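Listing of model-v6.pdb; format and content: PDB, C-alpha atoms.
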MODEL        1
ATOM      1  CA  MET S 268       0.000   0.000   0.000  1.00  0.00           C
ATOM      2  CA  ALA S 269       1.309   3.429  -0.922  1.00  0.00           C
ATOM      3  CA  ARG S 270       2.257   5.787   1.896  1.00  0.00           C
ATOM      4  CA  ALA S 271       0.046   8.876   2.165  1.00  0.00           C
ATOM      5  CA  VAL S 272       1.708  12.098   1.078  1.00  0.00           C
ATOM      6  CA  PRO S 273       2.797  13.816   4.280  1.00  0.00           C
ATOM      7  CA  ASP S 274       1.983  17.388   5.146  1.00  0.00           C
ATOM      8  CA  THR S 275       5.650  18.298   4.878  1.00  0.00           C
ATOM      9  CA  HIS S 276       5.113  21.989   5.644  1.00  0.00           C
ATOM     10  CA  GLY S 277       3.205  21.176   8.840  1.00  0.00           C
ATOM     11  CA  GLU S 278       5.638  18.430   9.808  1.00  0.00           C
ATOM     12  CA  ILE S 279       8.539  20.843   9.444  1.00  0.00           C
ATOM     13  CA  LEU S 280       6.778  23.401  11.677  1.00  0.00           C
ATOM     14  CA  ALA S 281       6.027  20.758  14.312  1.00  0.00           C
ATOM     15  CA  ALA S 282       9.589  19.422  14.245  1.00  0.00           C
ATOM     16  CA  ALA S 283      10.994  22.941  14.490  1.00  0.00           C
ATOM     17  CA  ALA S 284       8.823  23.671  17.529  1.00  0.00           C
ATOM     18  CA  ARG S 285      10.035  20.494  19.239  1.00  0.00           C
ATOM     19  CA  GLN S 286      13.681  21.165  18.367  1.00  0.00           C
ATOM     20  CA  PHE S 287      13.527  24.826  19.429  1.00  0.00           C
ATOM     21  CA  THR S 288      11.952  23.803  22.738  1.00  0.00           C
ATOM     22  CA  VAL S 289      14.605  21.184  23.489  1.00  0.00           C
ATOM     23  CA  THR S 290      17.797  22.783  22.157  1.00  0.00           C
ATOM     24  CA  GLY S 291      16.751  26.419  21.697  1.00  0.00           C
ATOM     25  CA  TYR S 292      16.450  28.466  18.556  1.00  0.00           C
ATOM     26  CA  ARG S 293      20.194  29.096  18.322  1.00  0.00           C
ATOM     27  CA  GLY S 294      21.033  25.486  19.100  1.00  0.00           C
ATOM     28  CA  THR S 295      18.822  24.076  16.347  1.00  0.00           C
ATOM     29  CA  SER S 296      19.976  23.819  12.762  1.00  0.00           C
ATOM     30  CA  LEU S 297      17.870  23.371   9.662  1.00  0.00           C
ATOM     31  CA  GLN S 298      19.611  20.003   9.289  1.00  0.00           C
ATOM     32  CA  ASP S 299      18.368  18.984  12.766  1.00  0.00           C
ATOM     33  CA  ILE S 300      14.814  19.807  11.714  1.00  0.00           C
ATOM     34  CA  ALA S 301      15.183  17.974   8.393  1.00  0.00           C
ATOM     35  CA  ARG S 302      16.573  14.908  10.155  1.00  0.00           C
ATOM     36  CA  GLU S 303      13.601  14.776  12.526  1.00  0.00           C
ATOM     37  CA  VAL S 304      11.112  15.105   9.669  1.00  0.00           C
ATOM     38  CA  GLY S 305      12.970  12.578   7.550  1.00  0.00           C
ATOM     39  CA  CYS S 306      13.603  14.910   4.643  1.00  0.00           C
ATOM     40  CA  SER S 307      16.542  16.829   3.240  1.00  0.00           C
ATOM     41  CA  LYS S 308      17.653  20.294   4.284  1.00  0.00           C
ATOM     42  CA  ALA S 309      16.788  21.360   0.727  1.00  0.00           C
ATOM     43  CA  THR S 310      13.188  20.310   1.367  1.00  0.00           C
ATOM     44  CA  VAL S 311      13.085  22.471   4.489  1.00  0.00           C
ATOM     45  CA  LEU S 312      14.477  25.376   2.462  1.00  0.00           C
ATOM     46  CA  TYR S 313      11.865  24.765  -0.231  1.00  0.00           C
ATOM     47  CA  HIS S 314       9.145  25.416   2.373  1.00  0.00           C
ATOM     48  CA  PHE S 315      10.941  28.130   4.378  1.00  0.00           C
ATOM     49  CA  ALA S 316      13.513  30.643   3.141  1.00  0.00           C
ATOM     50  CA  ASN S 317      15.564  30.269   6.335  1.00  0.00           C
ATOM     51  CA  LYS S 318      15.315  29.439  10.027  1.00  0.00           C
ATOM     52  CA  GLU S 319      14.019  32.943  10.840  1.00  0.00           C
ATOM     53  CA  ALA S 320      11.122  32.490   8.378  1.00  0.00           C
ATOM     54  CA  LEU S 321      10.298  29.159  10.008  1.00  0.00           C
ATOM     55  CA  LEU S 322      10.206  30.757  13.452  1.00  0.00           C
ATOM     56  CA  ALA S 323       8.173  33.705  12.142  1.00  0.00           C
ATOM     57  CA  GLU S 324       5.493  31.361  10.786  1.00  0.00           C
ATOM     58  CA  LEU S 325       5.512  29.333  13.979  1.00  0.00           C
ATOM     59  CA  MET S 326       4.961  32.495  16.031  1.00  0.00           C
ATOM     60  CA  ALA S 327       2.537  34.249  13.638  1.00  0.00           C
ATOM     61  CA  PRO S 328      -0.694  33.231  15.434  1.00  0.00           C
ATOM     62  CA  ALA S 329       0.617  34.407  18.828  1.00  0.00           C
ATOM     63  CA  ILE S 330       1.932  37.642  17.327  1.00  0.00           C
ATOM     64  CA  GLY S 331      -1.456  38.255  15.721  1.00  0.00           C
ATOM     65  CA  VAL S 332      -3.183  37.923  19.105  1.00  0.00           C
ATOM     66  CA  LEU S 333      -0.557  40.223  20.659  1.00  0.00           C
ATOM     67  CA  ARG S 334      -1.267  42.853  17.984  1.00  0.00           C
ATOM     68  CA  ASP S 335      -5.008  42.555  18.650  1.00  0.00           C
ATOM     69  CA  LEU S 336      -4.357  43.102  22.355  1.00  0.00           C
ATOM     70  CA  ASP S 337      -2.229  46.137  21.518  1.00  0.00           C
ATOM     71  CA  ASP S 338      -5.120  47.540  19.464  1.00  0.00           C
ATOM     72  CA  ARG S 339      -7.593  46.949  22.327  1.00  0.00           C
ATOM     73  CA  LEU S 340      -5.300  48.848  24.699  1.00  0.00           C
ATOM     74  CA  THR S 341      -5.191  51.941  22.491  1.00  0.00           C
ATOM     75  CA  GLY S 342      -6.822  54.832  24.310  1.00  0.00           C
ATOM     76  CA  LEU S 343      -7.285  53.007  27.617  1.00  0.00           C
ATOM     77  CA  THR S 344      -5.797  54.465  30.781  1.00  0.00           C
ATOM     78  CA  GLY S 345      -5.681  53.707  34.481  1.00  0.00           C
ATOM     79  CA  THR S 346      -7.414  50.670  35.890  1.00  0.00           C
ATOM     80  CA  ALA S 347      -9.197  49.919  32.601  1.00  0.00           C
ATOM     81  CA  ALA S 348      -5.821  49.605  30.843  1.00  0.00           C
ATOM     82  CA  GLN S 349      -4.472  47.447  33.647  1.00  0.00           C
ATOM     83  CA  GLU S 350      -7.400  45.036  33.544  1.00  0.00           C
ATOM     84  CA  VAL S 351      -7.407  44.620  29.756  1.00  0.00           C
ATOM     85  CA  ALA S 352      -3.613  44.205  29.729  1.00  0.00           C
ATOM     86  CA  ALA S 353      -3.676  41.622  32.533  1.00  0.00           C
ATOM     87  CA  GLU S 354      -6.500  39.500  31.146  1.00  0.00           C
ATOM     88  CA  GLY S 355      -5.334  39.824  27.553  1.00  0.00           C
ATOM     89  CA  PHE S 356      -1.721  38.896  28.236  1.00  0.00           C
ATOM     90  CA  VAL S 357      -2.575  36.012  30.562  1.00  0.00           C
ATOM     91  CA  ASP S 358      -4.993  34.621  27.968  1.00  0.00           C
ATOM     92  CA  LEU S 359      -2.356  34.968  25.238  1.00  0.00           C
ATOM     93  CA  ALA S 360       0.378  33.380  27.350  1.00  0.00           C
ATOM     94  CA  VAL S 361      -1.767  30.421  28.376  1.00  0.00           C
ATOM     95  CA  ARG S 362      -3.123  29.868  24.866  1.00  0.00           C
ATOM     96  CA  PHE S 363       0.350  29.975  23.296  1.00  0.00           C
ATOM     97  CA  ARG S 364       2.338  28.359  26.100  1.00  0.00           C
ATOM     98  CA  ARG S 365       4.067  25.981  23.652  1.00  0.00           C
ATOM     99  CA  GLU S 366       5.298  28.895  21.554  1.00  0.00           C
ATOM    100  CA  ILE S 367       6.456  30.727  24.680  1.00  0.00           C
ATOM    101  CA  ALA S 368       8.413  27.639  25.723  1.00  0.00           C
ATOM    102  CA  VAL S 369      10.193  27.802  22.358  1.00  0.00           C
ATOM    103  CA  LEU S 370      11.417  31.317  23.132  1.00  0.00           C
ATOM    104  CA  ARG S 371      12.498  30.791  26.729  1.00  0.00           C
ATOM    105  CA  GLY S 372      15.886  32.299  27.367  1.00  0.00           C
ATOM    106  CA  GLU S 373      16.248  33.636  23.830  1.00  0.00           C
ATOM    107  CA  PHE S 374      13.614  36.348  23.682  1.00  0.00           C
ATOM    108  CA  PRO S 375      15.963  39.380  23.878  1.00  0.00           C
ATOM    109  CA  GLU S 376      18.157  38.052  21.071  1.00  0.00           C
ATOM    110  CA  LEU S 377      15.168  37.193  18.875  1.00  0.00           C
ATOM    111  CA  LEU S 378      13.828  40.736  19.207  1.00  0.00           C
ATOM    112  CA  CYS S 379      16.881  41.887  17.251  1.00  0.00           C
ATOM    113  CA  GLN S 380      15.736  39.958  14.176  1.00  0.00           C
ATOM    114  CA  PRO S 381      13.800  42.024  11.624  1.00  0.00           C
ATOM    115  CA  ALA S 382      10.737  39.744  11.697  1.00  0.00           C
ATOM    116  CA  PHE S 383      10.299  40.409  15.423  1.00  0.00           C
ATOM    117  CA  ALA S 384      11.539  44.003  15.807  1.00  0.00           C
ATOM    118  CA  HIS S 385       8.025  45.419  16.314  1.00  0.00           C
ATOM    119  CA  ILE S 386       7.383  43.065  19.250  1.00  0.00           C
ATOM    120  CA  GLN S 387       9.565  45.162  21.567  1.00  0.00           C
ATOM    121  CA  GLN S 388       7.411  48.242  20.948  1.00  0.00           C
ATOM    122  CA  ILE S 389       4.217  46.281  21.587  1.00  0.00           C
ATOM    123  CA  SER S 390       5.770  44.786  24.744  1.00  0.00           C
ATOM    124  CA  ASP S 391       6.678  48.265  25.987  1.00  0.00           C
ATOM    125  CA  ARG S 392       3.097  49.475  25.439  1.00  0.00           C
ATOM    126  CA  LEU S 393       1.753  46.376  27.188  1.00  0.00           C
ATOM    127  CA  ARG S 394       4.058  46.982  30.158  1.00  0.00           C
ATOM    128  CA  ASP S 395       2.937  50.617  30.319  1.00  0.00           C
ATOM    129  CA  ALA S 396      -0.738  49.583  30.196  1.00  0.00           C
ATOM    130  CA  LEU S 397      -0.255  46.992  32.962  1.00  0.00           C
ATOM    131  CA  ALA S 398       1.343  49.771  35.016  1.00  0.00           C
ATOM    132  CA  GLY S 399      -1.730  51.893  34.299  1.00  0.00           C
ATOM    133  CA  HIS S 400       0.480  54.360  32.389  1.00  0.00           C
ATOM    134  CA  SER S 401       1.875  55.413  35.747  1.00  0.00           C
ATOM    135  CA  ASP S 402       5.269  57.092  36.081  1.00  0.00           C
ATOM    136  CA  ARG S 403       5.748  55.516  39.511  1.00  0.00           C
ATOM    137  CA  PRO S 404       8.837  53.264  39.464  1.00  0.00           C
ATOM    138  CA  GLY S 405       7.115  50.608  41.568  1.00  0.00           C
ATOM    139  CA  ALA S 406       4.223  50.284  39.101  1.00  0.00           C
ATOM    140  CA  ARG S 407       6.546  50.071  36.098  1.00  0.00           C
ATOM    141  CA  ILE S 408       8.844  47.516  37.745  1.00  0.00           C
ATOM    142  CA  ALA S 409       5.900  45.382  38.909  1.00  0.00           C
ATOM    143  CA  ALA S 410       4.462  45.365  35.385  1.00  0.00           C
ATOM    144  CA  LEU S 411       7.757  44.245  33.843  1.00  0.00           C
ATOM    145  CA  VAL S 412       8.322  41.521  36.445  1.00  0.00           C
ATOM    146  CA  LEU S 413       4.767  40.255  35.989  1.00  0.00           C
ATOM    147  CA  LEU S 414       5.030  40.079  32.198  1.00  0.00           C
ATOM    148  CA  ALA S 415       8.300  38.168  32.407  1.00  0.00           C
ATOM    149  CA  GLY S 416       6.977  35.925  35.175  1.00  0.00           C
ATOM    150  CA  ILE S 417       3.748  35.124  33.331  1.00  0.00           C
ATOM    151  CA  SER S 418       5.737  34.084  30.279  1.00  0.00           C
ATOM    152  CA  GLU S 419       8.117  31.989  32.339  1.00  0.00           C
ATOM    153  CA  ALA S 420       5.303  30.286  34.270  1.00  0.00           C
ATOM    154  CA  CYS S 421       3.466  29.381  31.071  1.00  0.00           C
ATOM    155  CA  GLY S 422       6.602  27.815  29.646  1.00  0.00           C
ATOM    156  CA  GLU S 423       7.476  25.991  32.857  1.00  0.00           C
ATOM    157  CA  PHE S 424       4.243  24.478  34.168  1.00  0.00           C
ATOM    158  CA  ALA S 425       3.095  22.185  31.364  1.00  0.00           C
ATOM    159  CA  ASP S 426       1.448  19.917  33.951  1.00  0.00           C
ATOM    160  CA  ILE S 427      -1.052  22.588  35.073  1.00  0.00           C
ATOM    161  CA  THR S 428      -4.307  22.834  33.128  1.00  0.00           C
ATOM    162  CA  ASP S 429      -4.975  25.985  31.125  1.00  0.00           C
ATOM    163  CA  ASP S 430      -7.916  26.955  33.348  1.00  0.00           C
ATOM    164  CA  ASP S 431      -5.941  26.498  36.578  1.00  0.00           C
ATOM    165  CA  LEU S 432      -2.928  28.354  35.192  1.00  0.00           C
ATOM    166  CA  ARG S 433      -5.067  31.253  33.931  1.00  0.00           C
ATOM    167  CA  SER S 434      -6.860  31.528  37.288  1.00  0.00           C
ATOM    168  CA  ALA S 435      -3.614  31.442  39.294  1.00  0.00           C
ATOM    169  CA  LEU S 436      -1.909  34.012  37.059  1.00  0.00           C
ATOM    170  CA  LEU S 437      -4.824  36.450  37.141  1.00  0.00           C
ATOM    171  CA  THR S 438      -5.019  36.138  40.924  1.00  0.00           C
ATOM    172  CA  LEU S 439      -1.302  36.875  41.143  1.00  0.00           C
ATOM    173  CA  VAL S 440      -1.531  39.878  38.821  1.00  0.00           C
ATOM    174  CA  ARG S 441      -4.459  41.361  40.742  1.00  0.00           C
ATOM    175  CA  ARG S 442      -2.556  40.993  44.007  1.00  0.00           C
ATOM    176  CA  ALA S 443       0.672  42.451  42.629  1.00  0.00           C
ATOM    177  CA  VAL S 444      -0.648  45.396  40.641  1.00  0.00           C
ATOM    178  CA  GLU S 445      -1.929  48.347  42.576  1.00  0.00           C
ATOM    179  CA  PRO S 446      -4.823  49.858  40.659  1.00  0.00           C
ATOM    180  CA  VAL S 447      -3.549  53.186  39.425  1.00  0.00           C
ATOM    181  CA  ASP S 448      -6.845  54.914  40.151  1.00  0.00           C
ATOM    182  CA  ALA S 449      -6.457  53.873  43.816  1.00  0.00           C
ATOM    183  CA  ALA S 450      -2.896  55.256  43.897  1.00  0.00           C
ATOM    184  CA  LEU S 451      -3.991  58.749  42.901  1.00  0.00           C
ATOM    185  CA  PRO S 452      -4.000  61.252  45.744  1.00  0.00           C
ATOM    186  CA  GLN S 453      -7.508  62.000  46.915  1.00  0.00           C
ATOM    187  CA  GLN S 454      -8.665  65.531  46.323  1.00  0.00           C
ATOM    188  CA  PRO S 455     -10.078  67.120  49.468  1.00  0.00           C
ATOM    189  CA  THR S 456     -13.844  67.313  49.406  1.00  0.00           C
ATOM    190  CA  THR S 457     -15.906  70.250  50.634  1.00  0.00           C
ATOM    191  CA  GLU S 458     -16.678  68.282  53.797  1.00  0.00           C
ATOM    192  CA  ASP S 459     -12.919  67.795  54.460  1.00  0.00           C
ATOM    193  CA  LYS S 460     -12.296  71.523  54.094  1.00  0.00           C
ATOM    194  CA  ASP S 461     -15.086  72.407  56.527  1.00  0.00           C
ATOM    195  CA  SER S 462     -13.787  70.176  59.309  1.00  0.00           C
TER     196      SER S 462
ENDMDL
END
With the file now loaded, output its structure as structure tokens.
Amino acid sequence: MARAVPDTHGEILAAAARQFTVTGYRGTSLQDIAREVGCSKATVLYHFANKEALLAELMAPAIGVLRDLDDRLTGLTGTAAQEVAAEGFVDLAVRFRREIAVLRGEFPELLCQPAFAHIQQISDRLRDALAGHSDRPGARIAALVLLAGISEACGEFADITDDDLRSALLTLVRRAVEPVDAALPQQPTTEDKDS
């Protein structure tokens, strides 16, 4: 019986994801991916111009969701921005935990590649939104630590269900982020002035 024609493109993507997760993006060669698929390096290059193009396609769905989140954050300030940023990023991180695992430890270097250059700007806006667009150092630092920690947790805890992970991460974010609207100094009311 003849063997069914494989979905080579999809098999290459799946093999690349596994290889990147185990040995990292830098540590994986196109030959490693070809070997796992059972094809030649030329076949991999027929489907993908280079390793960066392979990674870009692998990450495209997650990047699309990140862009949508960035669009939803446009114009939001204060607590509204914090809530949308927290829920949106946690949902993204849980949904794409496999892709996040691929990038663990290599994210800063990958941001230097042209296909991912815009991600740093979106990440900066997301951090600012999670901080409620506050200038307070504590709010900005907490937002950055939370974003990095959420990503790390999603890559690390493969044994935790998506629902449990999402719930735990949102609880953590809500405990760690001081609502910006609550941090604003209260204006004295007429009653305060009369007393």
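Minimum atom-to-atom distance to Arg442 (chain S), evaluated using all atoms listed in the file, belongs to S:Ala353 out of S:Ala384, S:Ala353, S:Ile330, S:Ala281.
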Coordinates-based distance that separates CA of Leu340 (chain S) from CA of Leu439 (chain S) (Å, one decimal): 20.7 Å
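Applied to the file shown here, the PyMOL selection byres ((chain S and resi 324) around 12) selects the residues His276, Gly277, Ile279, Leu280, Ala281, Ala283, Ala284, His314, Phe315, Ala316, Asn317, Lys318, Glu319, Ala320, Leu321, Leu322, Ala323, Leu325, Met326, Ala327, Pro328, Ala329, Ile330, Gly331, Glu366, Ala382 and Phe383 of chain S.
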With distances taken over all atoms listed in the file, which of S:Val369, S:Val444, S:Cys379, S:Val357 is nearest to Gly291 (chain S)?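 Comparing S:Val369, S:Val444, S:Cys379, S:Val357 against Gly291 (chain S), the winner is S:Val369.
Distances here use all atoms listed in the file; by that measure, the residue among S:Val440, S:Gly305, S:Thr341, S:Asp299 closest to His400 (chain S) is S:Thr341.
Separating CA of Glu278 (chain S) from CA of Thr290 (chain S) is a distance of 17.9 Å.
Considering all atoms listed in the file, the residue among S:Gln387, S:Gln298, S:Gln380, S:Thr310 positioned nearest to Asp337 (chain S) is S:Gln387.
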Please compute the CA of Ala352 (chain S)-CA of Leu333 (chain S) distance, one decimal, in Å. 10.4 Å
Taking all atoms listed in the file into account, name the residue in S:Arg407, S:His385, S:Arg285, S:Arg441 that is nearest to Arg334 (chain S).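 Distance minimum relative to Arg334 (chain S) lands on S:His385.
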Write out all heavy atoms for region 342-353 of chain S, as a PDB file, keeping the file's coordinate frame.
ATOM      1  N   GLY S 342      -5.876  53.885  23.725  1.00  0.00           N
ATOM      2  CA  GLY S 342      -6.822  54.832  24.310  1.00  0.00           C
ATOM      3  C   GLY S 342      -7.243  54.523  25.729  1.00  0.00           C
ATOM      4  O   GLY S 342      -7.884  55.349  26.374  1.00  0.00           O
ATOM      5  N   LEU S 343      -6.919  53.336  26.241  1.00  0.00           N
ATOM      6  CA  LEU S 343      -7.285  53.007  27.617  1.00  0.00           C
ATOM      7  C   LEU S 343      -6.246  53.562  28.584  1.00  0.00           C
ATOM      8  O   LEU S 343      -5.055  53.595  28.272  1.00  0.00           O
ATOM      9  CB  LEU S 343      -7.386  51.495  27.808  1.00  0.00           C
ATOM     10  CG  LEU S 343      -8.472  50.766  27.033  1.00  0.00           C
ATOM     11  CD1 LEU S 343      -8.412  49.270  27.324  1.00  0.00           C
ATOM     12  CD2 LEU S 343      -9.851  51.310  27.379  1.00  0.00           C
ATOM     13  N   THR S 344      -6.697  53.969  29.740  1.00  0.00           N
ATOM     14  CA  THR S 344      -5.797  54.465  30.781  1.00  0.00           C
ATOM     15  C   THR S 344      -6.208  53.868  32.120  1.00  0.00           C
ATOM     16  O   THR S 344      -7.259  53.242  32.240  1.00  0.00           O
ATOM     17  CB  THR S 344      -5.854  56.012  30.880  1.00  0.00           C
ATOM     18  OG1 THR S 344      -7.201  56.404  31.181  1.00  0.00           O
ATOM     19  CG2 THR S 344      -5.390  56.673  29.589  1.00  0.00           C
ATOM     20  N   GLY S 345      -5.374  54.085  33.113  1.00  0.00           N
ATOM     21  CA  GLY S 345      -5.681  53.707  34.481  1.00  0.00           C
ATOM     22  C   GLY S 345      -6.036  52.251  34.663  1.00  0.00           C
ATOM     23  O   GLY S 345      -5.479  51.347  34.024  1.00  0.00           O
ATOM     24  N   THR S 346      -7.003  52.015  35.534  1.00  0.00           N
ATOM     25  CA  THR S 346      -7.414  50.670  35.890  1.00  0.00           C
ATOM     26  C   THR S 346      -7.967  49.907  34.697  1.00  0.00           C
ATOM     27  O   THR S 346      -7.762  48.691  34.583  1.00  0.00           O
ATOM     28  CB  THR S 346      -8.441  50.711  37.041  1.00  0.00           C
ATOM     29  OG1 THR S 346      -7.864  51.433  38.132  1.00  0.00           O
ATOM     30  CG2 THR S 346      -8.810  49.329  37.521  1.00  0.00           C
ATOM     31  N   ALA S 347      -8.662  50.591  33.801  1.00  0.00           N
ATOM     32  CA  ALA S 347      -9.197  49.919  32.601  1.00  0.00           C
ATOM     33  C   ALA S 347      -8.056  49.337  31.770  1.00  0.00           C
ATOM     34  O   ALA S 347      -8.130  48.192  31.308  1.00  0.00           O
ATOM     35  CB  ALA S 347     -10.027  50.889  31.768  1.00  0.00           C
ATOM     36  N   ALA S 348      -6.985  50.097  31.590  1.00  0.00           N
ATOM     37  CA  ALA S 348      -5.821  49.605  30.843  1.00  0.00           C
ATOM     38  C   ALA S 348      -5.179  48.428  31.565  1.00  0.00           C
ATOM     39  O   ALA S 348      -4.795  47.433  30.931  1.00  0.00           O
ATOM     40  CB  ALA S 348      -4.802  50.724  30.638  1.00  0.00           C
ATOM     41  N   GLN S 349      -5.080  48.529  32.878  1.00  0.00           N
ATOM     42  CA  GLN S 349      -4.472  47.447  33.647  1.00  0.00           C
ATOM     43  C   GLN S 349      -5.259  46.149  33.509  1.00  0.00           C
ATOM     44  O   GLN S 349      -4.678  45.079  33.313  1.00  0.00           O
ATOM     45  CB  GLN S 349      -4.383  47.833  35.130  1.00  0.00           C
ATOM     46  CG  GLN S 349      -3.353  48.896  35.414  1.00  0.00           C
ATOM     47  CD  GLN S 349      -3.373  49.336  36.866  1.00  0.00           C
ATOM     48  OE1 GLN S 349      -4.414  49.752  37.376  1.00  0.00           O
ATOM     49  NE2 GLN S 349      -2.226  49.243  37.515  1.00  0.00           N
ATOM     50  N   GLU S 350      -6.569  46.237  33.598  1.00  0.00           N
ATOM     51  CA  GLU S 350      -7.400  45.036  33.544  1.00  0.00           C
ATOM     52  C   GLU S 350      -7.353  44.385  32.165  1.00  0.00           C
ATOM     53  O   GLU S 350      -7.185  43.164  32.047  1.00  0.00           O
ATOM     54  CB  GLU S 350      -8.853  45.379  33.919  1.00  0.00           C
ATOM     55  CG  GLU S 350      -9.727  44.177  34.122  1.00  0.00           C
ATOM     56  CD  GLU S 350      -9.313  43.272  35.281  1.00  0.00           C
ATOM     57  OE1 GLU S 350      -8.671  43.741  36.243  1.00  0.00           O
ATOM     58  OE2 GLU S 350      -9.622  42.068  35.213  1.00  0.00           O
ATOM     59  N   VAL S 351      -7.463  45.179  31.109  1.00  0.00           N
ATOM     60  CA  VAL S 351      -7.407  44.620  29.756  1.00  0.00           C
ATOM     61  C   VAL S 351      -6.028  44.027  29.488  1.00  0.00           C
ATOM     62  O   VAL S 351      -5.909  42.942  28.909  1.00  0.00           O
ATOM     63  CB  VAL S 351      -7.780  45.696  28.701  1.00  0.00           C
ATOM     64  CG1 VAL S 351      -7.494  45.213  27.288  1.00  0.00           C
ATOM     65  CG2 VAL S 351      -9.248  46.077  28.841  1.00  0.00           C
ATOM     66  N   ALA S 352      -4.973  44.716  29.929  1.00  0.00           N
ATOM     67  CA  ALA S 352      -3.613  44.205  29.729  1.00  0.00           C
ATOM     68  C   ALA S 352      -3.408  42.893  30.478  1.00  0.00           C
ATOM     69  O   ALA S 352      -2.857  41.933  29.926  1.00  0.00           O
ATOM     70  CB  ALA S 352      -2.585  45.241  30.184  1.00  0.00           C
ATOM     71  N   ALA S 353      -3.858  42.835  31.726  1.00  0.00           N
ATOM     72  CA  ALA S 353      -3.676  41.622  32.533  1.00  0.00           C
ATOM     73  C   ALA S 353      -4.425  40.443  31.925  1.00  0.00           C
ATOM     74  O   ALA S 353      -3.839  39.385  31.678  1.00  0.00           O
ATOM     75  CB  ALA S 353      -4.147  41.868  33.964  1.00  0.00           C
TER      76      ALA S 353
END
